[in-house]
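Contents: one structure, followed by commentary.
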Protein chains: 6
Amino acid sequence: MGTIGPTTTIDLSEMYIVRKTYEDKAQKYIRMHGSLNFGGGGSFYDVFYVYKNFGFMPESAYQGLNYGQPAHNHHEMDAVLKAYVDALKDEDILTTAWFNGFKGILDAYLGAVPDNFAYKGKTYTPRTFADEVVKINPDDYINITSFTHHPFYSKFAIEVPDNWLWGQAYNVTMDELVEIADNAIKNGYTIAWGADVSEVYFSHRIGVAVVPDLDIQELVVTERSRWEKVDNSKYNLDMPRTEKVITQDMRQTSFDNFKTTDDHGLHIVGLAKDQNGTEYYIVKNSWNTDNPYDGYVYVSKAFFKFKTMNFVVHKDAIPAGIKTKLKI
Amino acid sequence: MGTIGPTTTIDLSEMYIVRKTYEDKAQKYIRMHGSLNFGGGGSFYDVFYVYKNFGFMPESAYQGLNYGQPAHNHHEMDAVLKAYVDALKDEDILTTAWFNGFKGILDAYLGAVPDNFAYKGKTYTPRTFADEVVKINPDDYINITSFTHHPFYSKFAIEVPDNWLWGQAYNVTMDELVEIADNAIKNGYTIAWGADVSEVYFSHRIGVAVVPDLDIQELVVTERSRWEKVDNSKYNLDMPRTEKVITQDMRQTSFDNFKTTDDHGLHIVGLAKDQNGTEYYIVKNSWNTDNPYDGYVYVSKAFFKFKTMNFVVHKDAIPAGIKTKLKI
Amino acid sequence: MGTIGPTTTIDLSEMYIVRKTYEDKAQKYIRMHGSLNFGGGGSFYDVFYVYKNFGFMPESAYQGLNYGQPAHNHHEMDAVLKAYVDALKDEDILTTAWFNGFKGILDAYLGAVPDNFAYKGKTYTPRTFADEVVKINPDDYINITSFTHHPFYSKFAIEVPDNWLWGQAYNVTMDELVEIADNAIKNGYTIAWGADVSEVYFSHRIGVAVVPDLDIQELVVTERSRWEKVDNSKYNLDMPRTEKVITQDMRQTSFDNFKTTDDHGLHIVGLAKDQNGTEYYIVKNSWNTDNPYDGYVYVSKAFFKFKTMNFVVHKDAIPAGIKTKLKI
Amino acid sequence: MGTIGPTTTIDLSEMYIVRKTYEDKAQKYIRMHGSLNFGGGGSFYDVFYVYKNFGFMPESAYQGLNYGQPAHNHHEMDAVLKAYVDALKDEDILTTAWFNGFKGILDAYLGAVPDNFAYKGKTYTPRTFADEVVKINPDDYINITSFTHHPFYSKFAIEVPDNWLWGQAYNVTMDELVEIADNAIKNGYTIAWGADVSEVYFSHRIGVAVVPDLDIQELVVTERSRWEKVDNSKYNLDMPRTEKVITQDMRQTSFDNFKTTDDHGLHIVGLAKDQNGTEYYIVKNSWNTDNPYDGYVYVSKAFFKFKTMNFVVHKDAIPAGIKTKLKI
Amino acid sequence: MGTIGPTTTIDLSEMYIVRKTYEDKAQKYIRMHGSLNFGGGGSFYDVFYVYKNFGFMPESAYQGLNYGQPAHNHHEMDAVLKAYVDALKDEDILTTAWFNGFKGILDAYLGAVPDNFAYKGKTYTPRTFADEVVKINPDDYINITSFTHHPFYSKFAIEVPDNWLWGQAYNVTMDELVEIADNAIKNGYTIAWGADVSEVYFSHRIGVAVVPDLDIQELVVTERSRWEKVDNSKYNLDMPRTEKVITQDMRQTSFDNFKTTDDHGLHIVGLAKDQNGTEYYIVKNSWNTDNPYDGYVYVSKAFFKFKTMNFVVHKDAIPAGIKTKLKI
Amino acid sequence: MGTIGPTTTIDLSEMYIVRKTYEDKAQKYIRMHGSLNFGGGGSFYDVFYVYKNFGFMPESAYQGLNYGQPAHNHHEMDAVLKAYVDALKDEDILTTAWFNGFKGILDAYLGAVPDNFAYKGKTYTPRTFADEVVKINPDDYINITSFTHHPFYSKFAIEVPDNWLWGQAYNVTMDELVEIADNAIKNGYTIAWGADVSEVYFSHRIGVAVVPDLDIQELVVTERSRWEKVDNSKYNLDMPRTEKVITQDMRQTSFDNFKTTDDHGLHIVGLAKDQNGTEYYIVKNSWNTDNPYDGYVYVSKAFFKFKTMNFVVHKDAIPAGIKTKLKI
C-alpha cells in the first residue's frame with residue numbers, strides 16, 4: 001500500500017503497521033479456523049485500526065528490516081507466517097505458546113518492537129507518539145464506496161479478501177463518489193484511494209489512467225487457439241482520446257465479475273484538466289518517480305468512476321447534503 | 001439449528017431460511033474468493049437477516065424436501081454446492097450464469113421457491129407473509145456475548161466460522177450475561193441460545209448440563225500410549241454434584257484455545273432449582289423428545305456461564321442498567 | 001468439433017448436441033465412479049447418439065448461449081459441471097435430486113430446452129424435427145479406423161478419452177482407409193474426419209498439412225539445456241516438397257506413443273492434385289476463413305494416412321469389396 | 001472372484017488370468033490416459049477374454065506366487081502397478097520400454113510365464129492347453145442382466161468400474177432373469193453369478209441371503225448424532241421370514257443410487273425350497289467352507305432379483321422364447 | 001527417548017538436548033531441501049552430538065516447558081516447526097532471518113536458553129557444565145549393531161529415518177551383540193538400548209518381552225474379509241514358554257521388511273534368569289512404574305537378538321577380541 | 001554428470017554406474033521411508049562406490065539404452081522408478097518381491113546386466129574388469145571441499161540432496177582449495193570438479209566463467225512489478241574484466257542461502273593465463289564441443305573459489321603440508 005492518511009511530514013513506520021496488523025490478523029485467522037484471508041495485503045482500515053489500538057511509530061524507530069537484505073521483500077516472511085498459522089488453525093486445542101512463537105518470527109524478520117523510543121529528543125511509546133505527535137482522530141476518517149448490491153446510504157463491509165478487518169464503508173451513488181472527491185480536493189483535503197490498477201489502461205509508466213472507448217479484446221480461448229497461435233491485437237494507450245461513459249451498472253458488473261479488484265492504495269492530491277476539458281485527478285503513486293510526471297499519474301474521472309474500490313477521506317471534506325443522507 | 005425466534009405457533013419453513021442463506025453465502029464466498037466459511041452451518045443472524053431481506057414462508061408452503069427421501073439429509077447437497085462455488089472462486093472473470101446455476105441446484109434439492117402461496121385462505125409472498133403474519137421487528141432482537149478480547153459494552157463480530165454474516169454482538173460481562181438471561185425469563189421472554197454442547201458434561205440423553213468440579217483427563221498422547229493402550233478413566237455424569245466456580249478468565253481461555261465452540265442453537269424457556277438450590281435454565285433442544293424431560297435439558301448456571309457462545313433476546317428483556325451501558 | 005454429418009443446409013444447434021451429451025455423460029461418469037473421461041470433448045458418435053436417442057434442434061430454436069457473453073466460451077461451465085459430478089461420484093448412496101441439479105446448471109449456462117419449437121412455420125419436438133426435417137438414418141453412417149492392436153475387419157472401441165460412449169469403429173488397413181475416402185469423395189459423399197492437428201506440419205494458417213521428409217527434432221531435455229538455452233532449429237513448412245512414405249507401422253507407433261492424438265473434427269469435401277502430382281484432400285475446417293483458401297486446408301494423403309484417428313462416412317460410400325470383408 | 005466357467009475338474013491357474021488381464025488393462029489405461037478403472041478387480045468377461053486371446057494354464061504350471069509369502073495378498077503388487085501406470089498416463093510421448101517394465105514387475109510378484117509347460121505328461125502352450133484340454137467355446141457363454149436405463153433385448157456394456165473391458169450384456173426383464181436361471185439349473189447348467197453381497201442380509205456365516213420385509217434403518221447423520229452416540233437398532237437375520245416383493249423399479253433404483261454394487265462372483269449350482277415353499281438358489285461361495293452348509297449359501301429368489309448385477313450362462317441354457325427376443 | 005548415557009545422579013535437561021537437536025536438524029533439513037527426516041524423534045547420537053557441540057544443562061536450569069500446560073506434549077510445537085521449515089526448503093534464495101525465527105518459535109514453546117545458570121552454588125554455561133560437572137568423553141561411547149547388508153566389523157550409518165545425523169555404528173554378528181551386552185553388564189556398565197517395542201510380544205504392562213514359538217497370524221486382507229468380519233485369533237502372552245530360535249537371517253529379514261523398527265530407547269541395567277534357565281536382561285523403561293516390576297521389563301535374549309536396532313556402550317565394556325576386530 | 005575419474009582411454013559404461021546406483025539408492029530410500037533424495041542425480045561418490053562394490057563395465061558391454069530411442073532421455077524411467085519406490089516406502093510390511101520388480105523396470109529401460117562379457121578377446125565380470133583392466137584404487141581418491149559450518153581439517157558429509165550416499169569430504173580453507181588444485185594440475189593430475197554452473201556468469205557458449213565486479217540485480221518482486229513489466233537491465237558477459245575478490249565468507253553465504261548449488265560435474269585438465277595475468281582453469285565440459293574452445297571452458301580462480309562445491313583428486317596430488325593437516 002502506498003502512502004496514506006493525513007498529509008504529514010512525519011516519516012511514519014509502515015512496517016510497524018504491517019507488524020501489528022499481522023499479529024491481529026493471525027489471531028483472527030486462528031479463531032476463524034482459516035476462513036479469513038491471511039496474507040501480506042491489507043486495506044486503509046489497517047492504518048486507522050493500528051493507530052486506534054496500538055499507536056504509531058516513526059520510521060526512525062522501527063525500520064522493520066532485519067533479514068540481511070537492503071530492501072523489503074516479504075515473500076519469505078509471508079510464506080513462513082502463513083505456514084505457521086495453517087499448522088495451528090485446525091488443532092483440537094491450542095497451547096498458550098503459539099502467539100509468542102508468531103511474534104518470535106516477526107522479531108526475526110522485522111526486528112523486535114521497542115517498548116519506547118526517542119524521537120526529536122523526547123521518549124515515546126507508540127501510544128504516546130500517536131496521541132502527542134501524530135495527533136489524528138481516526139474516527140474523523142470516513143470510508144466511502146459505491147455499489148448496488150447493498151442499499152445506498154447504509155454501511156457495509158466491502159467483500160474483498162484484503163478486508164480482513166470487516167471494516168465498513170458508506171455506500172453512495174457513483175456520482176456522489178465524484179462529488180465527494182471533488183469537494184475534498186477543492187477544500188484542501190487529500191484522499192486515500194483504493195483502486196484497481198491492473199487494467200491495461202492504467203499506466204504508471206505513461207502516467208495516465210483513462211477508459212478508452214474501444215473494445216478491448218479479452219483473451220478468448222477458442223478451439224483453434226489450442227492448436228495455433230492466434231494474433232490478439234495489442235491495445236495502445238495514447239491520449240487525448242474519447243472515453244467510455246461509465247454507468248453505475250458497468251461499475252457494478254465489473255465488480256461482480258471479478259474485473260474490478262482491490263489492488264492498490266494511492267494518494268489523490270489534486271485536480272487537472274487537459275486541452276479537451278477532460279478532468280483528471282492528480283494521484284501520487286508510491287511505485288517510483290521515473291515516469292513523465294515524477295511518479296504522479298493523471299487519472300480521468302471515467303477511470304475513477306469505473307475502477308474506484310473505495311476511498312478514505314476526512315469527514316469534513318464531505319458535502320453537507322451527502323453527510324445528511326449518511327447520518328454522519 | 002433448533003427453533004429460534006419469537007414464541008409463535010406459526011410453523012415456519014426452516015428450509016426457506018436455509019435456502020436464502022445459502023444463496024447469499026454463495027455470493028459472498030465468491031466475492032471473498034473463498035475467504036469465508038461456506039457450509040451448512042449458520043447462526044441466529046441468518047434468521048433475522050432472511051426476515052429482513054427476503055421475508056419468511058410457512059412450512060406448509062416450502063418443505064424444502066425434494067430429493068426422494070423421507071427426511072432431511074443435507075450431506076450430498078452441501079457437497080455439490082461447495083464443489084460448485086469452489087470451481088468458481090478463483091476464476092479470472094465470471095459469467096452472469098453462475099448464480100442461476102447455483103439456484104438450479106437448490107431447486108433440485110429443495111424445490112423451487114414459489115412467487116406466492118396460500119396460507120389460511122389468503123395469498124402471500126414471503127415478504128407480505130413476514131410483514132403481515134409473522135410480524136416481528138428484527139431490529140428488536142439483540143445479540144449478546146461476553147469475551148475479553150474486545151472492550152465490554154462495545155459491539156463486535158464474534159470470530160467463529162459460522163458467523164459468515166459478520167453479524168455483531170454486544171459484549172457484556174459474564175455476570176451480566178446471567179443477569180440478562182434471568183431478567184428475560186422472569187419477564188416472559190425466551191432466549192435463542194448459542195452454546196457449546198460437545199463437552200462430555202452436556203448430555204441430552206440424561207437431560208442435564210453441568211460443570212462438575214473434577215479434573216476431566218484430556219486424552220494425552222504420551223510416548224507410551226503410542227505402543228500400548230493406556231486406560232483413560234471415564235467420566236460419569238450424575239447429580240447433584242459440586243460444580244466448578246466459573247470465572248471470566250476460564251470462559252475466555254476456553255474460547256481462545258478452541259475448547260468452547262459454536263456448536264448448536266437451543267431455546268431457553270424457563271428457570272428451575274434443584275434440591276440443593278442450584279439453579280438451572282430449562283432449555284428446549286430440537287434433537288428429539290426421548291430423554292427423561294421430554295426433550296428438555298436442565299442447564300446449570302455454571303455451564304451457561306462457561307459455555308455460552310452468545311444469545312439473542314428481545315431488547316425489552318434487557319435490564320435498564322445494562323441497556324444504558326450498551327447505549328441501546 | 002467442427003461441422004459434421006450430412007451435407008445439409010439446415011443450421012443445426014450444436015449446443016443441443018453438447019447439452020444432451022453432457023447429460024448422458026454425467027450419468028455414465030457417476031455410474032462408473034469417475035472411471036470415464038468427463039469433459040467438454042466428444043466424438044462423432046455423440047452426434048449420431050443424440051440424433052438416435054433425443055433428436056435434433058435447429059440453431060434458431062436453441063442457441064445455447066445464456067451466460068451474458070457474445071460468444072461461446074465453455075471454460076467456466078465445464079469447470080462447474082466437473083466439480084459437480086466429482087462431488088457425487090464417490091458417495092455411498094445418491095439422492096434422486098442430483099440429476100435435476102445438473103440440468104439446472106445446464107439451463108443456467110445454455111438455456112432450458114423447450115419441449116417444442118417453431119421451425120419454418122411448423123411446430124416440432126427435437127424428435128419430430130429429426131425424423132421429419134433432418135431425416136438421416138444414423139445406422140447408415142459407418143465409423144472407420146485402422147490400427148494393428150486389434151484384428152482387421154473386426155469392430156472395436158477406439159481407446160481415446162473422448163470416446164466416452166465406447167462407440168465402435170470398423171478396423172481396415174491403412175491403404176483401405178485411403179481407398180474408402182477416395183471412393184466416397186468420387187461418389188459425392190463427404191467425410192467427417194477425426195484427425196490429429198497438433199503436429200507442427202498441420203497449418204491452418206498456411207492451409208496445408210503434409211508430412212515432410214525431414215527429421216523434426218523433438219525437444220530434447222539434455223543436461224546442458226537445464227543451464228543454458230539450447231537453440232532448437234525451427235521447422236519451416238513450405239511446398240511442394242518430398243514427403244515421408246507412411247507405413248501401417250509408423251501409424252501404429254505414433255498412436256501407441258501418444259504422438260497421434262484425437263484432436264479435432266473436420267470435413268473432407270473434395271480431392272485435389274498439385275503440380276507434382278501429389279494428391280490432397282480438400283478439408284473444411286471450422287476455425288475460420290482467414291487463410292489463403294477461405295478456411296479450407298489441403299491435406300496430403302501421407303498426412304491422411306499418418307494422422308487419421310478415424311472417420312465417419314455413409315455406408316454406401318464404401319467400396320463393395322471392403323463392405324464384404326466388414327460384413328456390412 | 002470365485003470359481004466360474006464350466007464345471008470342470010481341471011485346476012486352472014487363476015493367477016494366469018489375473019496376470020494377462022493386468023497386462024491388457026495397463027495398455028488400455030495408458031491409451032485412455034487414466035479414464036479407466038485400473039485395479040485388481042475384474043469381471044466374468046476377463047476369463048473369456050483371456051481364454052480367447054491368450055489361452056489358459058493349469059494351476060500346477062503357474063501358481064503366480066513369487067513374493068515370499070505363503071498366501072496371495074495383492075495389496076503391495078496392486079499399489080506398485082497402479083503407481084507405475086499413473087506415472088506414464090500423462091506423458092507427452094512414451095518409450096517402447098514401459099510395457100516390458102510392467103511385465104518385469106509382474107514377473108517379480110507372480111513369476112514369469114513359461115512359454116510351454118507339462119501337463120499330465122504332455123507339453124502345452126497356454127493356447128494349446130486351452131484348445132486341447134479345456135476346450136470351451138467362449139462365444140457359447142452369454143452375459144445376462146436386467147436394467148431399465150437401456151432397452152430390453154438389446155446389448156449394452158454395464159456401467160460398473162470393474163467392467164474395464166466394456167463387455168456387453170443382454171438386457172432382459174427381471175422375471176426373465178429368473179426364468180433363465182431356473183431353466184439353466186433344471187437343465188444341468190451352472191451359472192456364474194455376479195452379485196452385490198455387501199448387504200447386511202447376505203450372510204455367508206449363516207449361509208443365507210434373503211430380503212426381509214423390514215425397514216432397515218440406514219445410518220442417518222442427524223444433527224444430534226454429531227454430539228451424542230445414537231443407538232441404531234441392529235438388524236437380525238433369521239428365517240423363515242416374510243420377504244419384500246421386488247419390482248423392476250426397486251431393482252433399478254438400487255443400482256442408480258449406488259446401493260447395488262458389483263461386488264463378487266459366485267457359482268449357482270442348484271435349486272432348493274424351504275418348509276414355507278420359498279425357493280432358493282444353492283450358491284457356491286469361494287470364501288471358505290466353515291458355514292452350516294459347507295460354504296454354500298441359500299439365496300432367495302427375492303435376493304436374486306434384487307441384487308443380481310449380471311450372470312453368465314451357456315447359451316443352450318436360455319429358453320427358446322427369450323433366445324428369439326435376443327436374436328441369439 | 002528414555003534415560004540414556006552414563007549412570008549419573010545429575011538430573012539432566014532432556015529438553016535442552018531436544019532443543020539443540022531441533023536447531024541443527026532444521027539447518028540440515030533446509031540444506032537438504034527436505035531430503036531428511038524432520039520430526040521430534042531422534043537417536044542416541046543426538047545426546048553425544050549435543051554434548052560435544054553445545055554441552056549439557058541440568059533440568060533445574062532448563063525445564064523446556066513454556067506453553068501453559070503441566071506436562072510435555074510436543075504435538076503442536078512439532079507441527080509448527082515442520083510447517084516453518086517446509087515453507088523454506090524449496091525457496092530459491094534464503095534470507096538470514098529464518099534461523100532466528102526458528103529459534104523464536106523454540107523460545108516460545110520451550111523457553112529461551114540462558115547464557116549461563118547456577119548449579120549447586122556455581123555458575124556455568126552449558127559447555128562448562130558438561131566439561132566440569134557431567135564430565136564424560138563422548139568418544140568413549142560406541143554404537144553397536146548387527147546387520148548383513150553391510151560387512152561385519154565395518155562402520156555404517158543405520159538407515160532409519162531418526163538417524164538424521166547419519167551417525168555410524170559398528171557392525172558385529174548377532175552373537176557378538178549378546179557377547180558385548182553380557183560383558184558390559186557383568187563389568188558394571190549399563191547399556192543404552194534402541195529397540196523395536198511395537199511387537200505384541202513386548203509388554204510393559206506385564207513387564208516381559210519374549211519371542212514365543214507360535215505363528216502369530218498377521219492380519220490378512222482376504223476377499224471375504226472385505227464383506228464379513230473375520231475372526232482373527234488373539235495372541236496371549238504368558239510365561240514361561242518356549243521361544244523361537246533367532247537367526248541372523250530372521251533378524252535381517254525383519255529389518256528389511258519393516259517389521260523391526262526404530263521405536264524407543266531403554267536402559268539395560270542387569271541380567272536375570274527364570275526357573276527354566278532362560279536369561280533376560282533387566283531393562284529400565286521410562287514409561288512409568290506401574291507394572292509388576294516397578295517399571296522394569298524382563299527382556300529375553302531371543303527378543304534382544306531379534307529386535308535390537310542398536311545399542312550404545314562404553315568402549316571399555318567391549319570384549320578385547322571384538323575390539324580387535326573393530327580396530328578400536 | 002560428465003566424464004570423471006582417472007584419465008583413461010577405456011570407454012566405460014556410464015549407464016552401468018547409473019543402474020547400480022539406482023539399485024542401492026532404491027534400497028536406501030525404502031529403508032529411510034523416503035527421507036532421502038531419490039532421483040537421477042548423483043555425485044562423484046557414486047562412481048567410486050560402484051567401482052568398490054560392483055566393479056565397472058565397458059561401454060561396449062552395456063550401453064544401457066533399451067527403449068527404442070537413439071539417445072538417452074531418462075525422464076520417463078526416472079518417473080516410473082520414483083513412482084514405484086513411493087508406492088512402497090510407507091507400507092507396513094514389505095514382500096521380498098519388490099526389489100526384483102525394481103530391477104525388472106531397469107532391465108526394460110536399460111537392458112539386463114550380463115553376468116560376464118567379452119572385452120578385447122577376454123571374458124570378464126564387472127568385478128574382474130574393474131580389478132584387472134581399469135585398475136584404480138578408489139581409496140586413493142580424496143574428496144575436498146571448503147565450508148565454515150564444519151571445522152577445517154575434519155571430514156563431513158556435504159549436505160546436498162544428491163549426496164544420497166552421505167559420502168564424506170575433507171574440509172580445507174578456500175585458499176587451500178586453490179593450492180590443491182594448482183598442485184594437482186602442475187603435477188599432471190586432473191580433477192573431477194563439482195560446481196555450480198547455473199550462474200549467469202558461467203557460459204559454456206562463450207567458453208568462460210568469471211565473477212565480474214558488478215552488482216548483478218536479482219529479480220526483485222516489488223509491488224509495482226505485479227502490475228507493470230519492470231525493465232531489469234541484462235547482464236552482459238565479456239572479458240577481460242575486473243573480478244570480485246572472493247572471501248571464505250562470501251563462499252559460505254552463497255552456500256547457506258541456496259545460491260551455490262550442486263549442479264554439475266566437470267573435468268579440470270589444465271591451467272591458463274590471459275593477457276592481464278588472470279589465471280584460469282581449463283575445464284572439459286561434457287555438454288558439447290560447439291563453443292569457441294572445442295567444448296572447453298576457461299574458469300577463473302575467482303569463479304573456482306566462489307562456486308566450487310567440491311572436487312575429487314588423487315591423494316598424491318595433495319601438497320604434503322595439507323596432507324599432514326588432514327592426517328591422510
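We label chains A, B, ... in the order they appear in the C-alpha cells, count residues from 1 in each chain, and number ligands from 1 in the order shown.
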What parts of stretch 91-148 of chain A does DSSP call strand (DSSP E)? I'd like the answer as number ranges by chain. A: 117-119, 122-124, 141-145
Since we have the selection now, will you write its residues out, keeping N, CA and C atoms, as a tab-separated table (two decimals), in the first residue's frame?
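Wrote result_33.tsv, looks like this:
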chain	number	residue	atom	x	y	z
A	117	PHE	N	10.94	4.71	22.66
A	117	PHE	CA	11.97	5.13	21.71
A	117	PHE	C	12.09	6.64	21.78
A	118	ALA	N	13.21	7.13	21.30
A	118	ALA	CA	13.44	8.57	21.28
A	118	ALA	C	13.00	9.14	19.94
A	119	TYR	N	12.37	10.30	19.98
A	119	TYR	CA	12.01	11.00	18.75
A	119	TYR	C	12.18	12.48	19.00
A	122	LYS	N	12.78	13.44	22.64
A	122	LYS	CA	11.85	13.02	23.69
A	122	LYS	C	11.62	11.51	23.59
A	123	THR	N	11.20	10.92	24.70
A	123	THR	CA	10.93	9.48	24.70
A	123	THR	C	9.43	9.24	24.59
A	124	TYR	N	9.07	8.29	23.71
A	124	TYR	CA	7.66	7.97	23.49
A	124	TYR	C	7.43	6.45	23.53
A	141	TYR	N	-12.09	9.91	9.97
A	141	TYR	CA	-11.86	9.48	8.59
A	141	TYR	C	-12.92	8.49	8.16
A	142	ILE	N	-13.53	8.81	7.05
A	142	ILE	CA	-14.72	8.10	6.59
A	142	ILE	C	-14.37	7.31	5.34
A	143	ASN	N	-14.86	6.08	5.29
A	143	ASN	CA	-14.60	5.19	4.17
A	143	ASN	C	-15.81	5.21	3.24
A	144	ILE	N	-15.58	5.49	1.98
A	144	ILE	CA	-16.67	5.68	1.01
A	144	ILE	C	-16.56	4.67	-0.12
A	145	THR	N	-17.68	4.13	-0.55
A	145	THR	CA	-17.70	3.27	-1.73
A	145	THR	C	-19.03	3.45	-2.44
Counting only C-alpha atoms, what is within 12 Å of E:Asp249, bar same-chain residues fewer than 3 positions away, as an MDAnalysis selection string? chainID E and resid 146:149 173:174 245:246 252:256 305:306
Write the selection just made, keeping N, CA and C atoms, as a PDB file, in the first residue's frame?
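File written: part.pdb
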ATOM      1  N   SER E 146      24.005 -54.946  14.259  1.00  0.00           N
ATOM      2  CA  SER E 146      24.318 -56.215  13.610  1.00  0.00           C
ATOM      3  C   SER E 146      23.374 -56.467  12.454  1.00  0.00           C
ATOM      4  N   PHE E 147      23.834 -56.171  11.257  1.00  0.00           N
ATOM      5  CA  PHE E 147      23.030 -56.438  10.060  1.00  0.00           C
ATOM      6  C   PHE E 147      23.917 -56.941   8.944  1.00  0.00           C
ATOM      7  N   THR E 148      23.338 -57.689   8.027  1.00  0.00           N
ATOM      8  CA  THR E 148      24.161 -58.306   6.969  1.00  0.00           C
ATOM      9  C   THR E 148      24.196 -57.510   5.665  1.00  0.00           C
ATOM     10  N   HIS E 149      23.473 -56.412   5.580  1.00  0.00           N
ATOM     11  CA  HIS E 149      23.548 -55.656   4.326  1.00  0.00           C
ATOM     12  C   HIS E 149      24.777 -54.734   4.282  1.00  0.00           C
ATOM     13  N   THR E 173      28.430 -59.517  14.585  1.00  0.00           N
ATOM     14  CA  THR E 173      27.459 -60.595  14.396  1.00  0.00           C
ATOM     15  C   THR E 173      26.438 -60.556  15.532  1.00  0.00           C
ATOM     16  N   MET E 174      25.330 -61.231  15.298  1.00  0.00           N
ATOM     17  CA  MET E 174      24.253 -61.255  16.285  1.00  0.00           C
ATOM     18  C   MET E 174      24.737 -61.856  17.604  1.00  0.00           C
ATOM     19  N   VAL E 245      14.015 -69.892  18.067  1.00  0.00           N
ATOM     20  CA  VAL E 245      15.463 -69.723  17.948  1.00  0.00           C
ATOM     21  C   VAL E 245      15.721 -68.669  16.881  1.00  0.00           C
ATOM     22  N   ILE E 246      16.338 -67.593  17.301  1.00  0.00           N
ATOM     23  CA  ILE E 246      16.528 -66.463  16.390  1.00  0.00           C
ATOM     24  C   ILE E 246      17.836 -66.635  15.617  1.00  0.00           C
ATOM     25  N   GLN E 252      17.678 -60.081  10.033  1.00  0.00           N
ATOM     26  CA  GLN E 252      17.838 -59.212   8.858  1.00  0.00           C
ATOM     27  C   GLN E 252      16.512 -59.053   8.105  1.00  0.00           C
ATOM     28  N   THR E 253      15.822 -60.168   7.911  1.00  0.00           N
ATOM     29  CA  THR E 253      14.548 -60.125   7.179  1.00  0.00           C
ATOM     30  C   THR E 253      13.562 -59.201   7.871  1.00  0.00           C
ATOM     31  N   SER E 254      13.544 -59.280   9.183  1.00  0.00           N
ATOM     32  CA  SER E 254      12.603 -58.459   9.938  1.00  0.00           C
ATOM     33  C   SER E 254      12.936 -56.968   9.800  1.00  0.00           C
ATOM     34  N   PHE E 255      14.211 -56.655   9.648  1.00  0.00           N
ATOM     35  CA  PHE E 255      14.590 -55.257   9.385  1.00  0.00           C
ATOM     36  C   PHE E 255      14.241 -54.875   7.943  1.00  0.00           C
ATOM     37  N   ASP E 256      14.569 -55.772   7.019  1.00  0.00           N
ATOM     38  CA  ASP E 256      14.336 -55.479   5.596  1.00  0.00           C
ATOM     39  C   ASP E 256      12.866 -55.252   5.278  1.00  0.00           C
ATOM     40  N   LYS E 305      18.076 -60.438  20.640  1.00  0.00           N
ATOM     41  CA  LYS E 305      18.721 -60.748  19.351  1.00  0.00           C
ATOM     42  C   LYS E 305      17.856 -60.307  18.175  1.00  0.00           C
ATOM     43  N   PHE E 306      16.570 -60.531  18.335  1.00  0.00           N
ATOM     44  CA  PHE E 306      15.646 -60.324  17.222  1.00  0.00           C
ATOM     45  C   PHE E 306      15.362 -58.841  17.009  1.00  0.00           C
TER      46      PHE E 306
END
Report as JSON lines: every residue of stretch 93-204 of chain B with an atom at most 8 Å from stretch 48-54 of chain B, its closest pair of atoms, and their distance in Å to one decimal, counting only C-alpha atoms, with rows sorted by chain and ascending residue number.
{"residue": "B:Pro126", "atom": "CA", "partner": "B:Phe54", "partner_atom": "CA", "distance": 6.6}
{"residue": "B:Arg127", "atom": "CA", "partner": "B:Phe54", "partner_atom": "CA", "distance": 6.0}
{"residue": "B:Ala130", "atom": "CA", "partner": "B:Tyr51", "partner_atom": "CA", "distance": 6.9}
{"residue": "B:Pro138", "atom": "CA", "partner": "B:Phe48", "partner_atom": "CA", "distance": 5.5}
Would you please give, as a VMD selection string, all residues of stretch 56-258 of chain B that DSSP assigns to alpha helix (DSSP H) based on the backbone? chain B and resid 75 to 88 98 to 110 126 to 129 174 to 186 248 to 256
Near-F:Ser300 list (6 Å; only C-alpha atoms; drop same-chain fewer than 3 positions) as a PDB file with N, CA and C atoms, in the first residue's frame:
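The result, written out as out.pdb:
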ATOM      1  N   VAL F 210      33.550 -16.407 -15.067  1.00  0.00           N
ATOM      2  CA  VAL F 210      34.248 -15.419 -14.238  1.00  0.00           C
ATOM      3  C   VAL F 210      33.258 -14.872 -13.207  1.00  0.00           C
ATOM      4  N   GLU F 279      44.438 -15.855 -13.952  1.00  0.00           N
ATOM      5  CA  GLU F 279      44.601 -17.295 -14.144  1.00  0.00           C
ATOM      6  C   GLU F 279      43.261 -18.002 -14.262  1.00  0.00           C
ATOM      7  N   TYR F 280      43.227 -18.986 -15.119  1.00  0.00           N
ATOM      8  CA  TYR F 280      42.027 -19.792 -15.350  1.00  0.00           C
ATOM      9  C   TYR F 280      42.373 -21.268 -15.285  1.00  0.00           C
ATOM     10  N   PHE F 303      35.993 -17.549  -9.831  1.00  0.00           N
ATOM     11  CA  PHE F 303      34.832 -18.416 -10.001  1.00  0.00           C
ATOM     12  C   PHE F 303      35.048 -19.735  -9.265  1.00  0.00           C
TER      13      PHE F 303
END
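Comparing the minimum interatomic distances between chain E and each of B:Pro212, B:Asn257, B:Leu165, B:Thr125, counting only C-alpha atoms, we find that B:Asn257 sits nearest.
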Selection near C:Val172, 12 Å with only C-alpha atoms, sequence-local residues under 5 positions removed, as a PyMOL selection string: chain C and resi 143-156+177-180+248+305+310-311+318+321-326
For E:Leu110, list every protein, DNA or RNA residue within 6 Å, evaluated using only C-alpha atoms, and leave out those in the same chain fewer than 2 positions away; present the list as a PyMOL selection string. chain E and resi 64-66+106-108
Serialized selection, N, CA and C atoms, as a PDB file, in the first residue's frame:
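After the write, out_11.pdb holds the following:
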ATOM      1  N   GLY E  64      12.264 -26.455  29.864  1.00  0.00           N
ATOM      2  CA  GLY E  64      11.754 -26.518  28.484  1.00  0.00           C
ATOM      3  C   GLY E  64      10.255 -26.727  28.420  1.00  0.00           C
ATOM      4  N   LEU E  65       9.534 -26.039  29.286  1.00  0.00           N
ATOM      5  CA  LEU E  65       8.083 -26.243  29.354  1.00  0.00           C
ATOM      6  C   LEU E  65       7.475 -24.874  29.531  1.00  0.00           C
ATOM      7  N   ASN E  66       7.085 -24.289  28.424  1.00  0.00           N
ATOM      8  CA  ASN E  66       6.770 -22.869  28.467  1.00  0.00           C
ATOM      9  C   ASN E  66       5.433 -22.563  27.834  1.00  0.00           C
ATOM     10  N   LEU E 106      11.052 -21.835  19.108  1.00  0.00           N
ATOM     11  CA  LEU E 106      11.535 -22.696  20.194  1.00  0.00           C
ATOM     12  C   LEU E 106      11.500 -21.960  21.529  1.00  0.00           C
ATOM     13  N   ASP E 107      11.894 -20.701  21.510  1.00  0.00           N
ATOM     14  CA  ASP E 107      11.832 -19.902  22.743  1.00  0.00           C
ATOM     15  C   ASP E 107      10.405 -19.847  23.286  1.00  0.00           C
ATOM     16  N   ALA E 108       9.435 -19.702  22.377  1.00  0.00           N
ATOM     17  CA  ALA E 108       8.052 -19.580  22.820  1.00  0.00           C
ATOM     18  C   ALA E 108       7.564 -20.869  23.468  1.00  0.00           C
TER      19      ALA E 108
END
